[in-house]
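Encoded as structure tokens, the structure appears first; notes follow it.
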Amino acid sequence: MPNTCKTVEIARGIYWVGVEDFNRRLFDSLIPLPYGTSYNAYLVKGQDKTALIDTVEGKFVDELVCKVNAVQDLASVDYLVTNHAEPDHAGSIGDVMRKMPRARLVLTTKAVKYIRKVHHVEESRMMVVKEGDSIDLGGKTLRFIEAPWVHWPETMFTFVPEDRVLFSCDFFGTHIASDLLYDDEVGDIVLPMAKKYYAEIMMPLLPMADKALEKAKVCRPVVIAPSHGPVHRHPDRVMTAYEKWIKGPLEKKAVIIYVSMFGSTEKLAQTIRATLSAEGVNAVPHNLLVADASEIASDLVDASAIVVGVPTMLGNPHPAAASALTLLKYLRPRAKCGAIVSSYGWSGGAVNIIRSQMDGLGINCVGTLEINGPPDEAEIAQAVELGKTIAATILKTKAPA
Ligand code: FEO
């Protein structure tokens with residue numbers, strides 16, 4: 001058997017049959033993937049029936065087929081469960097269903113239209129399930145748990161209660177490709193990478209993530225088998241982390257996102273950073289010209305404040321800062337304290353525009369500083385005062401740990 005057909009039995013009769021994509025470097029044309037990613041699929045064998053849980057990105061379909069065949073003839077598989085219709089997991093379901101002539105495609109009602117249109121599976125082969133429905137495989141049950149908006153509206157979890165294995169799809173996922181399958185084997189990078197993943201995919205729809213987490217907790221899984229990255233055989237670690245990210249206290253931390261053309265805005269931003277640090281606030285600067293979107297997103301998960309450093313260009317915010325505000329609008333971080341520092345050459349304007357956008361995001365701007373050209377001594381003192389105001393707001397509003 002070629003090495004690429006390697007499978008792993010993650011619980012009795014439950015096999016990982018996914019693929020590792022070591023070469024992928026970008027997700028959603030936005031998030032860098034330094035460790036690549038994986039598309040996890042699983043085969044669940046009951047005494048009477050067998051189900052494949054999800055598939056893989058279309059170009060890897062041959063590897064998936066090879067792996068399933070290593071456990072059981074793919075043509076004899078009875079169900080293909082599609083927890084999520086996004087192409088990284090459903091991209092090969094058309095091909096796979098053609099190789100499984102007797103199989104039903106199990107999905108939520110919201111997935112039907114998309115799967116028919118994008119993945120070309122006829123409705124006559126679909127089996128629509130809803131919250132609480134189950135399929136008996138013989139000694140193993142597939143129980144379906146609707147989990148809308150983690151990541152798309154049609155998303156669901158599948159749970160096998162006999163083995164307490166939760167197939168959580170994107171939830172608890174991590175962009176890591178590795179020949180090591182389990183969380184403890186992959187090691188210290190798992191939680192930081194899980195946080196980046198959470199920040200991009202889950203944080204934008206926090207109430208839905210909260211509901212999904214509560215449903216996952218009710219399952220009391222002993223194994224969480226997500227659709228990306230390591231299988232969690234110590235599920236408490238990632239569940240506890242999600243609990244903190246979703247509704248734990250925010251940290252004494254400020255994210256400073258800035259761009260500077262001649263160094264003036266940067267001097268203001270770095271003065272704010274130094275002041276916050278002196279006041280006991282963890283201040284994390286990100287120069288938008290070299291920043292990694294996933295690092296910014298990850299830092300925003302538990303930050304209490306967001307400081308924007310933005311020069312004015314022709315009456316508008318510098319495009320890098322404008323783009324960062326769009327990112328904030330998409331990510332919807334929990335921080336509700338904000339501030340803006342800015343420098344202009346011949347006319348201002350960026351501050352008012354950014355402030356209006358912050359207002360629209362529900363971020364309370366506790367202060368702004370707009371100067372002409374490089375900061376002089378008095379303006380540096382003003383930046384220090386603004387830093388102290390931000391720190392006082394963070395320290396006053398921090399929830400008890
Ligand atoms: Fe990994 Fe939302 O697909």
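In the structure tokens, chains take the letters A, B, ... in the order shown, each chain's residues start at 1, and ligands count up from 1 in the order shown.
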Taking only C-alpha atoms and all ligand atoms and a cut-off of 7 Å, can you tell me which residues surround ligand 1, written as JSON, numbers by chain? {"A": [84, 86, 88, 89, 151, 152, 170, 227, 228]}
Those residues you just picked out, can you put them in a file as a JSON list (two decimals), in the first residue's frame with N, CA and C atoms?
[["chain", "number", "residue", "atom", "x", "y", "z"],
["A", 84, "HIS", "N", -20.51, 19.91, 6.28],
["A", 84, "HIS", "CA", -20.27, 21.29, 5.85],
["A", 84, "HIS", "C", -20.02, 21.26, 4.34],
["A", 86, "GLU", "N", -18.59, 23.52, 2.32],
["A", 86, "GLU", "CA", -17.48, 24.29, 1.74],
["A", 86, "GLU", "C", -16.55, 23.34, 0.98],
["A", 88, "ASP", "N", -13.47, 22.77, 0.73],
["A", 88, "ASP", "CA", -12.33, 22.07, 1.35],
["A", 88, "ASP", "C", -12.75, 20.73, 1.95],
["A", 89, "HIS", "N", -14.05, 20.58, 2.22],
["A", 89, "HIS", "CA", -14.55, 19.30, 2.75],
["A", 89, "HIS", "C", -15.51, 18.59, 1.80],
["A", 151, "HIS", "N", -19.08, 26.78, 10.29],
["A", 151, "HIS", "CA", -18.69, 28.03, 9.72],
["A", 151, "HIS", "C", -19.78, 28.64, 8.81],
["A", 152, "TRP", "N", -20.55, 27.83, 8.14],
["A", 152, "TRP", "CA", -21.58, 28.31, 7.24],
["A", 152, "TRP", "C", -22.96, 27.97, 7.83],
["A", 170, "ASP", "N", -15.41, 22.36, 11.15],
["A", 170, "ASP", "CA", -14.42, 23.42, 11.33],
["A", 170, "ASP", "C", -14.19, 23.76, 12.81],
["A", 227, "SER", "N", -12.33, 18.85, 11.22],
["A", 227, "SER", "CA", -12.07, 18.70, 9.78],
["A", 227, "SER", "C", -10.73, 19.27, 9.34],
["A", 228, "HIS", "N", -10.05, 19.96, 10.24],
["A", 228, "HIS", "CA", -8.70, 20.46, 9.94],
["A", 228, "HIS", "C", -7.80, 20.19, 11.14]]
Got a sec: who's within 6 Å of Ser298 in chain A, counting only C-alpha atoms, leaving out chain neighbours fewer than 3 positions off, as a ChimeraX atom specification? /A:195-196,199,294-295,301
Quick one: residues within 8 Å of range 371-384 of chain A, only C-alpha atoms, excluding same-chain residues fewer than 6 positions away - as a PDB file with C-alpha atoms, in the first residue's frame?
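Saved to part16.pdb:
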ATOM      1  CA  GLY A 263       7.445  57.876  10.735  1.00  0.00           C
ATOM      2  CA  SER A 264       5.236  60.433  12.497  1.00  0.00           C
ATOM      3  CA  THR A 265       2.200  58.211  13.057  1.00  0.00           C
ATOM      4  CA  LYS A 267       6.089  57.655  16.780  1.00  0.00           C
ATOM      5  CA  LEU A 268       2.628  58.301  18.189  1.00  0.00           C
ATOM      6  CA  THR A 271       4.465  56.226  22.419  1.00  0.00           C
ATOM      7  CA  ILE A 272       1.007  54.779  23.105  1.00  0.00           C
ATOM      8  CA  THR A 275       2.779  54.159  27.895  1.00  0.00           C
ATOM      9  CA  SER A 342      -2.846  60.261  13.202  1.00  0.00           C
ATOM     10  CA  SER A 343      -0.493  62.595  11.405  1.00  0.00           C
ATOM     11  CA  TYR A 344      -1.114  64.600   8.249  1.00  0.00           C
ATOM     12  CA  GLY A 345       0.968  66.754   5.916  1.00  0.00           C
ATOM     13  CA  TRP A 346      -1.397  69.375   4.480  1.00  0.00           C
TER      14      TRP A 346
END
DSSP-assigned helix (DSSP H, G or I) among range 13-245 of chain A, expressed as a PyMOL selection string: chain A and resi 58-71+74-76+87-90+93-99+109-119+123-125+183-186+190-201+203-219+235-245
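The neighbours of Thr326 in chain A here are the residues that come within 12 Å of it, using only C-alpha atoms and leaving out any residue fewer than 5 positions away in the same chain; they are Ala293, Pro319, Ala320, Ala321, Leu331, Arg332, Ile354, Gln357, Met358, Gly360 and Leu361 of chain A.
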Hey, can you spit out that residue selection with all heavy atoms as a tab-separated table (two decimals), in the first residue's frame?
chain	number	residue	atom	x	y	z
A	293	ALA	N	-2.29	38.87	8.79
A	293	ALA	CA	-3.71	39.02	9.20
A	293	ALA	C	-4.09	38.03	10.29
A	293	ALA	O	-4.89	38.34	11.18
A	293	ALA	CB	-4.61	38.86	7.98
A	319	PRO	N	-4.75	53.65	2.78
A	319	PRO	CA	-5.47	52.43	2.38
A	319	PRO	C	-5.18	51.22	3.26
A	319	PRO	O	-6.07	50.38	3.46
A	319	PRO	CB	-4.98	52.18	0.94
A	319	PRO	CG	-4.57	53.52	0.44
A	319	PRO	CD	-4.04	54.27	1.64
A	320	ALA	N	-3.98	51.10	3.81
A	320	ALA	CA	-3.68	49.95	4.67
A	320	ALA	C	-4.55	49.98	5.93
A	320	ALA	O	-5.02	48.94	6.40
A	320	ALA	CB	-2.20	49.92	5.04
A	321	ALA	N	-4.77	51.17	6.47
A	321	ALA	CA	-5.62	51.29	7.65
A	321	ALA	C	-7.09	51.08	7.28
A	321	ALA	O	-7.85	50.47	8.04
A	321	ALA	CB	-5.42	52.64	8.31
A	331	LEU	N	-14.16	40.63	11.45
A	331	LEU	CA	-13.81	39.76	12.58
A	331	LEU	C	-14.69	39.99	13.82
A	331	LEU	O	-14.86	39.09	14.63
A	331	LEU	CB	-12.34	39.97	12.97
A	331	LEU	CG	-11.31	39.49	11.96
A	331	LEU	CD1	-9.90	39.90	12.40
A	331	LEU	CD2	-11.37	37.97	11.78
A	332	ARG	N	-15.19	41.20	13.99
A	332	ARG	CA	-16.04	41.56	15.13
A	332	ARG	C	-15.43	41.16	16.48
A	332	ARG	O	-16.01	40.37	17.25
A	332	ARG	CB	-17.42	40.91	15.01
A	332	ARG	CG	-18.14	41.26	13.73
A	332	ARG	CD	-19.54	40.74	13.76
A	332	ARG	NE	-20.06	40.50	12.42
A	332	ARG	CZ	-21.28	40.09	12.16
A	332	ARG	NH1	-22.13	39.87	13.14
A	332	ARG	NH2	-21.67	39.88	10.92
A	354	ILE	N	-12.19	57.19	10.45
A	354	ILE	CA	-11.94	55.97	11.23
A	354	ILE	C	-12.83	55.95	12.47
A	354	ILE	O	-13.38	54.91	12.85
A	354	ILE	CB	-10.45	55.86	11.62
A	354	ILE	CG1	-9.58	55.72	10.36
A	354	ILE	CG2	-10.24	54.67	12.57
A	354	ILE	CD1	-9.71	54.41	9.62
A	357	GLN	N	-16.18	54.82	11.65
A	357	GLN	CA	-16.22	53.36	11.44
A	357	GLN	C	-16.15	52.61	12.77
A	357	GLN	O	-16.82	51.60	12.95
A	357	GLN	CB	-15.05	52.95	10.52
A	357	GLN	CG	-15.24	53.47	9.10
A	357	GLN	CD	-14.03	53.20	8.22
A	357	GLN	OE1	-12.89	53.24	8.68
A	357	GLN	NE2	-14.27	52.94	6.96
A	358	MET	N	-15.35	53.11	13.69
A	358	MET	CA	-15.29	52.48	15.02
A	358	MET	C	-16.66	52.56	15.70
A	358	MET	O	-17.11	51.59	16.32
A	358	MET	CB	-14.24	53.18	15.89
A	358	MET	CG	-12.83	52.68	15.69
A	358	MET	SD	-11.74	53.44	16.95
A	358	MET	CE	-10.30	52.40	16.79
A	360	GLY	N	-19.47	52.59	14.31
A	360	GLY	CA	-20.32	51.60	13.67
A	360	GLY	C	-20.07	50.18	14.15
A	360	GLY	O	-20.95	49.32	14.07
A	361	LEU	N	-18.87	49.95	14.67
A	361	LEU	CA	-18.52	48.62	15.19
A	361	LEU	C	-18.81	48.52	16.68
A	361	LEU	O	-18.53	47.49	17.30
A	361	LEU	CB	-17.03	48.34	14.95
A	361	LEU	CG	-16.61	48.26	13.48
A	361	LEU	CD1	-15.09	48.13	13.36
A	361	LEU	CD2	-17.28	47.08	12.80
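Considering only C-alpha atoms, the residue among A:Pro87, A:Gly94, A:Gly36, A:Pro101 positioned nearest to Ala177 in chain A is A:Gly36.
DSSP on the backbone gives strand (DSSP E or B) for these parts of range 283-336 of chain A: Ala283, Val284, Pro285, His286, Asn287, Ala305, Ile306, Val307, Val308, Gly309, Thr312, Met313, Asn316 and Pro317 of chain A.
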Determine, counting only C-alpha atoms, which protein, DNA and RNA residues have an atom within 8 Å of an atom of Ile390 in chain A; residues of the same chain fewer than 5 positions away are not included. Present the result as a list in words.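 Residues near the query, excluding close chain neighbours: Leu276, Ala305, Cys337, Gly338, Ala339, Val366 and Gly367 of chain A.
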I'd like the contact shell of Leu250 in chain A - 6 Å cut-off, only C-alpha atoms, skipping same-chain residues fewer than 2 positions apart - returned as a VMD selection string. chain A and resid 302 to 304
Would you list the contacts of Lys215 in chain A as a list in words, taking every protein, DNA or RNA residue within 8 Å and counting only C-alpha atoms, but skipping same-chain residues closer than 4 positions in sequence?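 The neighbour list is Ile145, Lys211 and Cys219 of chain A.
When only C-alpha atoms are used to compute distances to Ala51 in chain A, the closest of the residues A:Gly13, A:Gly18, A:Pro34, A:Pro153 turns out to be A:Gly13.
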Nearest to Ala350 in chain A among A:Gly132, A:Pro333, A:Gly46, A:Pro311, with distances taken over only C-alpha atoms: which residue is it?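 Comparing A:Gly132, A:Pro333, A:Gly46, A:Pro311 against Ala350 in chain A, the winner is A:Pro311.
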